[in-house]
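Enquirer: One file is attached below, input15.cif, containing mmCIF, C-alpha atoms.
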data_run
#
loop_
_atom_site.group_PDB
_atom_site.id
_atom_site.type_symbol
_atom_site.label_atom_id
_atom_site.label_comp_id
_atom_site.auth_asym_id
_atom_site.auth_seq_id
_atom_site.Cartn_x
_atom_site.Cartn_y
_atom_site.Cartn_z
ATOM 1 C CA MET A 131 18.967 -18.759 6.385
ATOM 2 C CA LYS A 132 19.280 -15.879 8.847
ATOM 3 C CA VAL A 133 16.696 -15.751 11.638
ATOM 4 C CA ILE A 134 15.236 -12.353 12.495
ATOM 5 C CA THR A 135 14.808 -12.007 16.261
ATOM 6 C CA ARG A 136 14.093 -8.260 16.497
ATOM 7 C CA MET A 137 11.658 -6.134 14.520
ATOM 8 C CA GLU A 138 14.390 -3.523 14.184
ATOM 9 C CA ASP A 139 16.314 -5.944 11.960
ATOM 10 C CA ILE A 140 13.639 -5.809 9.249
ATOM 11 C CA PRO A 141 14.535 -3.005 6.838
ATOM 12 C CA GLU A 142 12.199 -0.713 4.945
ATOM 13 C CA PHE A 143 11.881 -2.007 1.372
ATOM 14 C CA ASP A 144 11.869 0.156 -1.739
ATOM 15 C CA SER A 145 10.262 -2.533 -3.917
ATOM 16 C CA HIS A 146 8.634 -5.950 -3.861
ATOM 17 C CA ASN A 147 11.756 -7.363 -5.528
ATOM 18 C CA GLU A 148 13.945 -6.030 -2.724
ATOM 19 C CA GLU A 149 11.534 -7.429 -0.115
ATOM 20 C CA ASN A 150 11.431 -10.797 -1.886
ATOM 21 C CA ALA A 151 15.230 -10.971 -2.019
ATOM 22 C CA PHE A 152 15.433 -10.212 1.707
ATOM 23 C CA TRP A 153 12.866 -12.848 2.728
ATOM 24 C CA ASN A 154 14.490 -15.467 0.486
ATOM 25 C CA GLY A 155 17.448 -15.346 2.887
ATOM 26 C CA HIS A 156 15.717 -14.533 6.182
ATOM 27 C CA GLN A 157 12.940 -15.846 8.378
ATOM 28 C CA LEU A 158 11.187 -14.697 11.530
ATOM 29 C CA SER A 159 12.053 -16.399 14.804
ATOM 30 C CA PRO A 160 9.295 -18.487 16.406
ATOM 31 C CA GLU A 161 9.030 -15.813 19.110
ATOM 32 C CA LEU A 162 8.260 -13.078 16.564
ATOM 33 C CA TRP A 163 5.672 -15.322 14.882
ATOM 34 C CA ALA A 164 4.075 -15.927 18.286
ATOM 35 C CA GLU A 165 3.935 -12.180 18.933
ATOM 36 C CA GLY A 166 2.280 -11.696 15.574
ATOM 37 C CA GLN A 167 -0.324 -14.305 16.313
ATOM 38 C CA ARG A 168 -1.280 -12.360 19.424
ATOM 39 C CA GLY A 169 -1.921 -9.337 17.213
ATOM 40 C CA ASP A 170 1.289 -7.383 17.773
ATOM 41 C CA PRO A 171 0.600 -4.006 16.078
ATOM 42 C CA GLU A 172 4.230 -3.459 15.069
ATOM 43 C CA LEU A 173 4.508 -6.884 13.443
ATOM 44 C CA ASP A 174 1.146 -6.394 11.717
ATOM 45 C CA ARG A 175 2.439 -3.109 10.297
ATOM 46 C CA MET A 176 5.680 -4.734 9.099
ATOM 47 C CA LEU A 177 3.835 -7.632 7.436
ATOM 48 C CA GLU A 178 1.123 -5.469 5.858
ATOM 49 C CA GLY A 179 1.025 -5.937 2.110
ATOM 50 C CA LEU A 180 3.305 -8.979 2.211
ATOM 51 C CA VAL A 181 2.962 -10.770 -1.096
ATOM 52 C CA SER A 182 3.160 -14.528 -1.455
ATOM 53 C CA VAL A 183 4.078 -16.008 -4.806
ATOM 54 C CA LYS A 184 3.620 -19.612 -5.869
ATOM 55 C CA VAL A 185 6.070 -20.725 -8.536
ATOM 56 C CA VAL A 186 4.798 -23.378 -10.937
ATOM 57 C CA ALA A 187 6.889 -25.078 -13.610
ATOM 58 C CA SER A 188 5.809 -24.049 -17.084
ATOM 59 C CA GLN A 189 4.326 -26.553 -19.499
ATOM 60 C CA SER A 190 5.972 -27.330 -22.790
ATOM 61 C CA GLU A 191 4.002 -26.471 -25.932
ATOM 62 C CA ASP A 192 3.199 -30.157 -26.515
ATOM 63 C CA GLU A 193 1.803 -30.577 -22.991
ATOM 64 C CA THR A 194 -0.278 -27.413 -23.415
ATOM 65 C CA ARG A 195 -1.772 -28.656 -26.714
ATOM 66 C CA VAL A 196 -2.678 -32.026 -25.202
ATOM 67 C CA SER A 197 -4.236 -30.298 -22.178
ATOM 68 C CA ASP A 198 -6.200 -27.916 -24.463
ATOM 69 C CA LYS A 199 -7.518 -30.837 -26.555
ATOM 70 C CA ARG A 200 -8.723 -32.660 -23.453
ATOM 71 C CA ALA A 201 -10.500 -29.561 -22.159
ATOM 72 C CA GLY A 202 -12.171 -28.716 -25.437
#
In structure tokens, what does this structure look like?
Expert:
Amino acid sequence: MKVITRMEDIPEFDSHNEENAFWNGHQLSPELWAEGQRGDPELDRMLEGLVSVKVVASQSEDETRVSDKRAG
């Protein structure tokens, strides 16, 4: 995974998919995270609107039916 050490290395994104693809292969350096925690306006602007997605394995139909029966 590539470590981003300068704000200039973060591109402008045309879509959430493009941004997601970029961040799947990149991460901020600890120094940039530390700057952000101090309220760095440039980092705040770059991270504004950042979307986090949690991926959950789907249930099979049988598991869903059993879960529905237990709930109802």
Enquirer: Tell me which protein, DNA and RNA residues are within 12 Å of Gly179 (chain A), counting all atoms listed in the file, leaving out same-chain ones fewer than 5 positions away, and put them as a JSON list (two decimals) with C-alpha atoms, keeping the file's coordinate frame.
Expert:
[["chain", "number", "residue", "atom", "x", "y", "z"],
["A", 143, "PHE", "CA", 11.88, -2.01, 1.37],
["A", 145, "SER", "CA", 10.26, -2.53, -3.92],
["A", 146, "HIS", "CA", 8.63, -5.95, -3.86],
["A", 149, "GLU", "CA", 11.53, -7.43, -0.12],
["A", 173, "LEU", "CA", 4.51, -6.88, 13.44],
["A", 174, "ASP", "CA", 1.15, -6.39, 11.72]]
Enquirer: Please return the centre and edge lengths, in Å to one decimal, of a box with edges along x, y and z that contains all listed atoms of region 147-165 of chain A, widened by 6 Å on every side, as JSON.
Expert:
{"center_x": 10.7, "center_y": -12.3, "center_z": 6.8, "size_x": 25.5, "size_y": 24.5, "size_z": 36.6}
Enquirer: Take CA of Thr135 (chain A) and CA of Leu158 (chain A) and report the distance between them in Å, one decimal.
Expert: 6.5 Å
Enquirer: Measuring between all atoms listed in the file, which one of A:Ile140, A:Val133, A:Ala164, A:Ala151 shows the shortest distance to Met176 (chain A)?
Expert: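 Checking each of A:Ile140, A:Val133, A:Ala164, A:Ala151 against Met176 (chain A), counting all atoms listed in the file, the winner is A:Ile140.
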Enquirer: Record the distance separating CA of His156 (chain A) and CA of Pro171 (chain A), expressed in Å with one decimal.
Expert: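 Between these atoms lies a distance of 20.9 Å.
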Enquirer: What is the CA of Gly155 (chain A) to CA of Met131 (chain A) distance in Å?
Expert: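 Computing it gives 5.1 Å between the two atoms.
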Enquirer: Considering only C-alpha atoms, can you say which of A:Met137, A:Ala187, A:Lys132, A:Asn150 comes closest to Trp163 (chain A)?
Expert: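 For Trp163 (chain A), the nearest of the candidates is A:Met137.
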Enquirer: Which one is closest to Leu162 (chain A): A:Glu142, A:Ile134, A:Leu177, A:Val185? Count all atoms listed in the file.
Expert: A:Ile134
